[in-house]
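For reference, entry34.txt is printed below; it contains compact mmCIF, N, CA and C atoms.
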# COMPACT_ATOMS: atom_id res chain seq x y z
N MET A 1 -0.91 120.53 43.60
CA MET A 1 -1.79 119.43 43.28
C MET A 1 -1.86 118.51 44.50
N VAL A 2 -3.04 118.05 44.81
CA VAL A 2 -3.24 117.17 45.96
C VAL A 2 -3.49 115.76 45.45
N CYS A 3 -2.87 114.82 46.10
CA CYS A 3 -3.03 113.43 45.67
C CYS A 3 -4.44 112.94 46.02
N LEU A 4 -5.02 112.14 45.16
CA LEU A 4 -6.39 111.66 45.36
C LEU A 4 -6.51 110.74 46.57
N ALA A 5 -5.46 110.00 46.87
CA ALA A 5 -5.49 109.10 48.03
C ALA A 5 -5.59 109.91 49.33
N CYS A 6 -5.07 111.13 49.33
CA CYS A 6 -5.16 111.97 50.53
C CYS A 6 -6.56 112.52 50.71
N LEU A 7 -7.29 112.72 49.62
CA LEU A 7 -8.65 113.25 49.69
C LEU A 7 -9.68 112.17 49.98
N LEU A 8 -9.33 110.93 49.77
CA LEU A 8 -10.26 109.83 49.94
C LEU A 8 -10.89 109.78 51.33
N PRO A 9 -10.12 109.94 52.43
CA PRO A 9 -10.75 109.91 53.76
C PRO A 9 -11.78 111.02 53.97
N LEU A 10 -11.59 112.15 53.31
CA LEU A 10 -12.55 113.24 53.46
C LEU A 10 -13.93 112.86 52.93
N PHE A 11 -13.96 112.00 51.92
CA PHE A 11 -15.23 111.58 51.35
C PHE A 11 -15.75 110.31 52.00
N LEU A 12 -14.86 109.47 52.51
CA LEU A 12 -15.29 108.20 53.11
C LEU A 12 -15.93 108.38 54.48
N VAL A 13 -15.43 109.30 55.26
CA VAL A 13 -15.93 109.48 56.62
C VAL A 13 -17.42 109.82 56.64
N PRO A 14 -17.89 110.79 55.87
CA PRO A 14 -19.34 111.06 55.88
C PRO A 14 -20.16 109.88 55.37
N ILE A 15 -19.64 109.17 54.38
CA ILE A 15 -20.38 108.03 53.83
C ILE A 15 -20.49 106.93 54.88
N VAL A 16 -19.42 106.67 55.60
CA VAL A 16 -19.43 105.62 56.63
C VAL A 16 -20.36 106.02 57.77
N ASN A 17 -20.44 107.31 58.09
CA ASN A 17 -21.33 107.76 59.16
C ASN A 17 -22.80 107.66 58.76
N ILE A 18 -23.09 107.73 57.48
CA ILE A 18 -24.48 107.67 57.02
C ILE A 18 -24.96 106.23 56.86
N LEU A 19 -24.05 105.26 56.75
CA LEU A 19 -24.44 103.87 56.51
C LEU A 19 -25.44 103.31 57.54
N PRO A 20 -25.26 103.50 58.85
CA PRO A 20 -26.27 102.97 59.78
C PRO A 20 -27.64 103.60 59.58
N LEU A 21 -27.67 104.90 59.32
CA LEU A 21 -28.96 105.57 59.09
C LEU A 21 -29.63 105.03 57.83
N LEU A 22 -28.84 104.82 56.80
CA LEU A 22 -29.38 104.28 55.56
C LEU A 22 -29.91 102.86 55.78
N PHE A 23 -29.19 102.06 56.56
CA PHE A 23 -29.63 100.69 56.87
C PHE A 23 -30.96 100.71 57.61
N TYR A 24 -31.09 101.57 58.63
CA TYR A 24 -32.33 101.65 59.39
C TYR A 24 -33.49 102.11 58.51
N TYR A 25 -33.22 103.03 57.60
CA TYR A 25 -34.27 103.52 56.70
C TYR A 25 -34.75 102.40 55.77
N ILE A 26 -33.80 101.68 55.18
CA ILE A 26 -34.16 100.58 54.27
C ILE A 26 -34.90 99.47 55.02
N MET A 27 -34.41 99.11 56.22
CA MET A 27 -35.08 98.06 57.00
C MET A 27 -36.49 98.49 57.39
N GLY A 28 -36.67 99.77 57.70
CA GLY A 28 -38.00 100.28 58.02
C GLY A 28 -38.94 100.15 56.85
N LYS A 29 -38.44 100.41 55.64
CA LYS A 29 -39.28 100.30 54.43
C LYS A 29 -39.63 98.84 54.15
N ILE A 30 -38.68 97.93 54.32
CA ILE A 30 -38.93 96.50 54.08
C ILE A 30 -39.96 95.99 55.08
N TYR A 31 -39.79 96.34 56.36
CA TYR A 31 -40.74 95.90 57.38
C TYR A 31 -42.13 96.48 57.11
N ALA A 32 -42.20 97.73 56.61
CA ALA A 32 -43.48 98.36 56.31
C ALA A 32 -44.18 97.61 55.17
N LEU A 33 -43.41 97.15 54.20
CA LEU A 33 -44.00 96.38 53.11
C LEU A 33 -44.60 95.07 53.62
N LEU A 34 -43.97 94.50 54.62
CA LEU A 34 -44.46 93.24 55.20
C LEU A 34 -45.54 93.47 56.25
N GLY A 35 -45.80 94.72 56.60
CA GLY A 35 -46.83 95.03 57.59
C GLY A 35 -46.33 94.95 59.02
N TRP A 36 -45.03 94.92 59.21
CA TRP A 36 -44.46 94.88 60.55
C TRP A 36 -43.94 96.25 60.94
N GLU A 37 -43.62 96.39 62.22
CA GLU A 37 -43.03 97.64 62.70
C GLU A 37 -41.56 97.39 63.01
N TYR A 38 -40.70 98.17 62.41
CA TYR A 38 -39.26 98.02 62.66
C TYR A 38 -38.84 99.01 63.74
N LYS A 39 -38.22 98.49 64.77
CA LYS A 39 -37.70 99.34 65.85
C LYS A 39 -36.18 99.28 65.80
N LYS A 40 -35.58 100.45 65.80
CA LYS A 40 -34.12 100.48 65.80
C LYS A 40 -33.61 99.93 67.14
N PRO A 41 -32.57 99.10 67.10
CA PRO A 41 -32.02 98.61 68.37
C PRO A 41 -31.37 99.74 69.16
N GLU A 42 -31.40 99.60 70.47
CA GLU A 42 -30.77 100.62 71.33
C GLU A 42 -29.27 100.50 71.21
N ARG A 43 -28.66 101.64 71.02
CA ARG A 43 -27.21 101.63 70.89
C ARG A 43 -26.58 101.93 72.25
N ALA A 44 -25.47 101.28 72.50
CA ALA A 44 -24.75 101.53 73.74
C ALA A 44 -24.09 102.90 73.67
N PRO A 45 -24.09 103.64 74.78
CA PRO A 45 -23.44 104.95 74.74
C PRO A 45 -21.94 104.78 74.53
N PRO A 46 -21.30 105.73 73.89
CA PRO A 46 -19.87 105.61 73.66
C PRO A 46 -19.11 105.63 74.99
N ALA A 47 -18.13 104.78 75.08
CA ALA A 47 -17.32 104.70 76.30
C ALA A 47 -16.20 105.72 76.22
N CYS A 48 -15.97 106.41 77.30
CA CYS A 48 -14.92 107.41 77.34
C CYS A 48 -13.59 106.71 77.65
N PRO A 49 -12.59 106.84 76.78
CA PRO A 49 -11.31 106.18 77.05
C PRO A 49 -10.52 106.84 78.18
N TYR A 50 -10.84 108.10 78.50
CA TYR A 50 -10.12 108.82 79.54
C TYR A 50 -10.89 108.71 80.84
N LYS A 51 -10.25 108.16 81.85
CA LYS A 51 -10.88 108.06 83.17
C LYS A 51 -10.13 108.99 84.11
N PRO A 52 -10.80 110.04 84.58
CA PRO A 52 -10.12 110.99 85.45
C PRO A 52 -9.75 110.34 86.80
N THR A 53 -8.63 110.76 87.31
CA THR A 53 -8.19 110.23 88.60
C THR A 53 -8.93 110.95 89.72
N ALA A 54 -9.03 110.30 90.84
CA ALA A 54 -9.70 110.91 92.00
C ALA A 54 -8.81 112.02 92.53
N LYS A 55 -9.39 113.19 92.70
CA LYS A 55 -8.62 114.33 93.20
C LYS A 55 -8.68 114.34 94.72
N LYS A 56 -7.54 114.58 95.32
CA LYS A 56 -7.50 114.70 96.78
C LYS A 56 -7.72 116.17 97.13
N ASP A 57 -8.66 116.41 98.00
CA ASP A 57 -8.95 117.78 98.41
C ASP A 57 -8.01 118.16 99.54
N SER A 58 -7.18 119.16 99.30
CA SER A 58 -6.19 119.55 100.31
C SER A 58 -6.85 120.20 101.52
N LYS A 59 -8.02 120.79 101.36
CA LYS A 59 -8.70 121.43 102.49
C LYS A 59 -9.15 120.39 103.52
N VAL A 60 -9.60 119.25 103.05
CA VAL A 60 -10.05 118.20 103.96
C VAL A 60 -8.87 117.65 104.74
N ASP A 61 -7.72 117.46 104.06
CA ASP A 61 -6.54 116.94 104.74
C ASP A 61 -5.98 117.95 105.74
N ALA A 62 -6.05 119.24 105.43
CA ALA A 62 -5.51 120.26 106.33
C ALA A 62 -6.36 120.40 107.58
N ASP A 63 -7.69 120.26 107.44
CA ASP A 63 -8.58 120.39 108.59
C ASP A 63 -8.48 119.20 109.53
N ALA A 64 -8.13 118.05 109.01
CA ALA A 64 -8.08 116.84 109.81
C ALA A 64 -6.93 116.89 110.81
N GLY A 65 -5.86 117.60 110.48
CA GLY A 65 -4.72 117.69 111.37
C GLY A 65 -3.83 116.47 111.22
N PRO A 66 -2.72 116.44 111.97
CA PRO A 66 -1.81 115.30 111.84
C PRO A 66 -2.43 114.04 112.47
N ALA A 67 -2.03 112.92 111.93
CA ALA A 67 -2.54 111.64 112.45
C ALA A 67 -1.97 111.41 113.84
N PRO A 68 -2.77 110.88 114.75
CA PRO A 68 -2.26 110.65 116.11
C PRO A 68 -1.20 109.55 116.11
N ALA A 69 -0.14 109.79 116.91
CA ALA A 69 0.95 108.82 116.99
C ALA A 69 0.53 107.67 117.90
N GLU A 70 0.97 106.48 117.53
CA GLU A 70 0.65 105.31 118.35
C GLU A 70 1.54 105.29 119.58
N PRO A 71 1.00 104.97 120.75
CA PRO A 71 1.84 104.93 121.95
C PRO A 71 2.84 103.77 121.86
N VAL A 72 4.05 104.05 122.31
CA VAL A 72 5.11 103.04 122.25
C VAL A 72 5.42 102.59 123.67
N GLU A 73 5.43 101.29 123.87
CA GLU A 73 5.76 100.75 125.19
C GLU A 73 7.27 100.81 125.38
N PRO A 74 7.74 101.04 126.61
CA PRO A 74 9.19 101.18 126.84
C PRO A 74 9.99 99.94 126.44
N GLY A 75 9.47 98.76 126.58
CA GLY A 75 10.23 97.54 126.27
C GLY A 75 10.29 97.24 124.78
N ARG A 76 9.51 97.94 123.95
CA ARG A 76 9.44 97.62 122.53
C ARG A 76 10.31 98.52 121.67
N ILE A 77 11.04 99.46 122.28
CA ILE A 77 11.89 100.36 121.50
C ILE A 77 13.08 99.57 120.97
N ASP A 78 13.28 99.67 119.66
CA ASP A 78 14.42 98.94 119.05
C ASP A 78 15.70 99.74 119.29
N LYS A 79 16.72 99.02 119.76
CA LYS A 79 18.03 99.65 119.97
C LYS A 79 19.02 98.97 119.05
N LYS A 80 19.87 99.79 118.47
CA LYS A 80 20.88 99.25 117.58
C LYS A 80 22.05 98.76 118.43
N GLN A 81 22.48 97.55 118.11
CA GLN A 81 23.63 97.02 118.80
C GLN A 81 24.67 96.60 117.77
N ASP A 82 25.88 97.10 117.96
CA ASP A 82 26.96 96.76 117.04
C ASP A 82 27.79 95.63 117.56
Starting from the coordinates I provided, produce the structure as structure tokens.
Amino acid sequence: MVCLACLLPLFLVPIVNILPLLFYYIMGKIYALLGWEYKKPERAPPACPYKPTAKKDSKVDADAGPAPAEPVEPGRIDKKQD
């Protein structure tokens, strides 16, 4: 036996998805009775919660070669003194 509370979401989801369509249909009929034209508002596209990271292309890094070393002046070399 399945509990009725567990089945409730199965029936609520389709009903909730139909509500905007039903609203637009009813508003269209009301506006038609008044002689106006009802235009559905533009909906914003759904935002994707996953943002892919930028991939580093290893071929580009391999072709570039090693970074050139900066020239070091003889007087600027750090020496450790104890």
Taking (-36.2, 104.5, 61.4) in the file's own coordinates, collect the residues within 7 Å, counting only N, CA and C atoms, and hand them back as a PDB file with N, CA and C atoms, in the coordinates of the input.
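part04.pdb, written as the output of this step:
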ATOM      1  N   TYR A  24     -31.090 101.570  58.630  1.00  0.00           N
ATOM      2  CA  TYR A  24     -32.330 101.650  59.390  1.00  0.00           C
ATOM      3  C   TYR A  24     -33.490 102.110  58.510  1.00  0.00           C
ATOM      4  N   TYR A  25     -33.220 103.030  57.600  1.00  0.00           N
ATOM      5  CA  TYR A  25     -34.270 103.520  56.700  1.00  0.00           C
ATOM      6  C   TYR A  25     -34.750 102.400  55.770  1.00  0.00           C
ATOM      7  N   GLY A  28     -36.670  99.770  57.700  1.00  0.00           N
ATOM      8  CA  GLY A  28     -38.000 100.280  58.020  1.00  0.00           C
ATOM      9  C   GLY A  28     -38.940 100.150  56.850  1.00  0.00           C
ATOM     10  N   TYR A  38     -40.700  98.170  62.410  1.00  0.00           N
ATOM     11  CA  TYR A  38     -39.260  98.020  62.660  1.00  0.00           C
ATOM     12  C   TYR A  38     -38.840  99.010  63.740  1.00  0.00           C
ATOM     13  N   LYS A  39     -38.220  98.490  64.770  1.00  0.00           N
ATOM     14  CA  LYS A  39     -37.700  99.340  65.850  1.00  0.00           C
ATOM     15  C   LYS A  39     -36.180  99.280  65.800  1.00  0.00           C
ATOM     16  N   LYS A  40     -35.580 100.450  65.800  1.00  0.00           N
ATOM     17  CA  LYS A  40     -34.120 100.480  65.800  1.00  0.00           C
ATOM     18  C   LYS A  40     -33.610  99.930  67.140  1.00  0.00           C
TER      19      LYS A  40
END
message: Rounded to one decimal, what separation in Å do you get between atom N of Tyr31 in chain A and atom N of Leu12 in chain A?
response: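 Straight-line distance from atom N of Tyr31 in chain A to atom N of Leu12 in chain A works out to 28.4 Å.
Interatomic distance, CA of Arg43 in chain A against CA of Val13 in chain A: 19.8 Å.
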query: Can you tell me how far CA of Trp36 in chain A sits from CA of Phe23 in chain A, in Å to one decimal?
result: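 Going from CA of Trp36 in chain A over to CA of Phe23 in chain A covers 16.3 Å.
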field: Residues flagged alpha helix (DSSP H) by DSSP in range 9-59 of chain A, as a list in words
entry: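 Taking range 9-59 of chain A and keeping alpha helix (DSSP H) only, one gets Pro9, Leu10, Phe11, Leu12, Val13, Pro14, Ile15, Val16, Asn17, Ile18, Leu19, Pro20, Leu21, Leu22, Phe23, Tyr24, Tyr25, Ile26, Met27, Gly28, Lys29, Ile30, Tyr31, Ala32, Leu33, Leu34, Ser58 and Lys59 of chain A.
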Could you save those same residues with N, CA and C atoms as a PDB file, in the coordinates of the input?
ATOM      1  N   PRO A   9     -10.120 109.940  52.430  1.00  0.00           N
ATOM      2  CA  PRO A   9     -10.750 109.910  53.760  1.00  0.00           C
ATOM      3  C   PRO A   9     -11.780 111.020  53.970  1.00  0.00           C
ATOM      4  N   LEU A  10     -11.590 112.150  53.310  1.00  0.00           N
ATOM      5  CA  LEU A  10     -12.550 113.240  53.460  1.00  0.00           C
ATOM      6  C   LEU A  10     -13.930 112.860  52.930  1.00  0.00           C
ATOM      7  N   PHE A  11     -13.960 112.000  51.920  1.00  0.00           N
ATOM      8  CA  PHE A  11     -15.230 111.580  51.350  1.00  0.00           C
ATOM      9  C   PHE A  11     -15.750 110.310  52.000  1.00  0.00           C
ATOM     10  N   LEU A  12     -14.860 109.470  52.510  1.00  0.00           N
ATOM     11  CA  LEU A  12     -15.290 108.200  53.110  1.00  0.00           C
ATOM     12  C   LEU A  12     -15.930 108.380  54.480  1.00  0.00           C
ATOM     13  N   VAL A  13     -15.430 109.300  55.260  1.00  0.00           N
ATOM     14  CA  VAL A  13     -15.930 109.480  56.620  1.00  0.00           C
ATOM     15  C   VAL A  13     -17.420 109.820  56.640  1.00  0.00           C
ATOM     16  N   PRO A  14     -17.890 110.790  55.870  1.00  0.00           N
ATOM     17  CA  PRO A  14     -19.340 111.060  55.880  1.00  0.00           C
ATOM     18  C   PRO A  14     -20.160 109.880  55.370  1.00  0.00           C
ATOM     19  N   ILE A  15     -19.640 109.170  54.380  1.00  0.00           N
ATOM     20  CA  ILE A  15     -20.380 108.030  53.830  1.00  0.00           C
ATOM     21  C   ILE A  15     -20.490 106.930  54.880  1.00  0.00           C
ATOM     22  N   VAL A  16     -19.420 106.670  55.600  1.00  0.00           N
ATOM     23  CA  VAL A  16     -19.430 105.620  56.630  1.00  0.00           C
ATOM     24  C   VAL A  16     -20.360 106.020  57.770  1.00  0.00           C
ATOM     25  N   ASN A  17     -20.440 107.310  58.090  1.00  0.00           N
ATOM     26  CA  ASN A  17     -21.330 107.760  59.160  1.00  0.00           C
ATOM     27  C   ASN A  17     -22.800 107.660  58.760  1.00  0.00           C
ATOM     28  N   ILE A  18     -23.090 107.730  57.480  1.00  0.00           N
ATOM     29  CA  ILE A  18     -24.480 107.670  57.020  1.00  0.00           C
ATOM     30  C   ILE A  18     -24.960 106.230  56.860  1.00  0.00           C
ATOM     31  N   LEU A  19     -24.050 105.260  56.750  1.00  0.00           N
ATOM     32  CA  LEU A  19     -24.440 103.870  56.510  1.00  0.00           C
ATOM     33  C   LEU A  19     -25.440 103.310  57.540  1.00  0.00           C
ATOM     34  N   PRO A  20     -25.260 103.500  58.850  1.00  0.00           N
ATOM     35  CA  PRO A  20     -26.270 102.970  59.780  1.00  0.00           C
ATOM     36  C   PRO A  20     -27.640 103.600  59.580  1.00  0.00           C
ATOM     37  N   LEU A  21     -27.670 104.900  59.320  1.00  0.00           N
ATOM     38  CA  LEU A  21     -28.960 105.570  59.090  1.00  0.00           C
ATOM     39  C   LEU A  21     -29.630 105.030  57.830  1.00  0.00           C
ATOM     40  N   LEU A  22     -28.840 104.820  56.800  1.00  0.00           N
ATOM     41  CA  LEU A  22     -29.380 104.280  55.560  1.00  0.00           C
ATOM     42  C   LEU A  22     -29.910 102.860  55.780  1.00  0.00           C
ATOM     43  N   PHE A  23     -29.190 102.060  56.560  1.00  0.00           N
ATOM     44  CA  PHE A  23     -29.630 100.690  56.870  1.00  0.00           C
ATOM     45  C   PHE A  23     -30.960 100.710  57.610  1.00  0.00           C
ATOM     46  N   TYR A  24     -31.090 101.570  58.630  1.00  0.00           N
ATOM     47  CA  TYR A  24     -32.330 101.650  59.390  1.00  0.00           C
ATOM     48  C   TYR A  24     -33.490 102.110  58.510  1.00  0.00           C
ATOM     49  N   TYR A  25     -33.220 103.030  57.600  1.00  0.00           N
ATOM     50  CA  TYR A  25     -34.270 103.520  56.700  1.00  0.00           C
ATOM     51  C   TYR A  25     -34.750 102.400  55.770  1.00  0.00           C
ATOM     52  N   ILE A  26     -33.800 101.680  55.180  1.00  0.00           N
ATOM     53  CA  ILE A  26     -34.160 100.580  54.270  1.00  0.00           C
ATOM     54  C   ILE A  26     -34.900  99.470  55.020  1.00  0.00           C
ATOM     55  N   MET A  27     -34.410  99.110  56.220  1.00  0.00           N
ATOM     56  CA  MET A  27     -35.080  98.060  57.000  1.00  0.00           C
ATOM     57  C   MET A  27     -36.490  98.490  57.390  1.00  0.00           C
ATOM     58  N   GLY A  28     -36.670  99.770  57.700  1.00  0.00           N
ATOM     59  CA  GLY A  28     -38.000 100.280  58.020  1.00  0.00           C
ATOM     60  C   GLY A  28     -38.940 100.150  56.850  1.00  0.00           C
ATOM     61  N   LYS A  29     -38.440 100.410  55.640  1.00  0.00           N
ATOM     62  CA  LYS A  29     -39.280 100.300  54.430  1.00  0.00           C
ATOM     63  C   LYS A  29     -39.630  98.840  54.150  1.00  0.00           C
ATOM     64  N   ILE A  30     -38.680  97.930  54.320  1.00  0.00           N
ATOM     65  CA  ILE A  30     -38.930  96.500  54.080  1.00  0.00           C
ATOM     66  C   ILE A  30     -39.960  95.990  55.080  1.00  0.00           C
ATOM     67  N   TYR A  31     -39.790  96.340  56.360  1.00  0.00           N
ATOM     68  CA  TYR A  31     -40.740  95.900  57.380  1.00  0.00           C
ATOM     69  C   TYR A  31     -42.130  96.480  57.110  1.00  0.00           C
ATOM     70  N   ALA A  32     -42.200  97.730  56.610  1.00  0.00           N
ATOM     71  CA  ALA A  32     -43.480  98.360  56.310  1.00  0.00           C
ATOM     72  C   ALA A  32     -44.180  97.610  55.170  1.00  0.00           C
ATOM     73  N   LEU A  33     -43.410  97.150  54.200  1.00  0.00           N
ATOM     74  CA  LEU A  33     -44.000  96.380  53.110  1.00  0.00           C
ATOM     75  C   LEU A  33     -44.600  95.070  53.620  1.00  0.00           C
ATOM     76  N   LEU A  34     -43.970  94.500  54.620  1.00  0.00           N
ATOM     77  CA  LEU A  34     -44.460  93.240  55.200  1.00  0.00           C
ATOM     78  C   LEU A  34     -45.540  93.470  56.250  1.00  0.00           C
ATOM     79  N   SER A  58      -7.180 119.160  99.300  1.00  0.00           N
ATOM     80  CA  SER A  58      -6.190 119.550 100.310  1.00  0.00           C
ATOM     81  C   SER A  58      -6.850 120.200 101.520  1.00  0.00           C
ATOM     82  N   LYS A  59      -8.020 120.790 101.360  1.00  0.00           N
ATOM     83  CA  LYS A  59      -8.700 121.430 102.490  1.00  0.00           C
ATOM     84  C   LYS A  59      -9.150 120.390 103.520  1.00  0.00           C
TER      85      LYS A  59
END
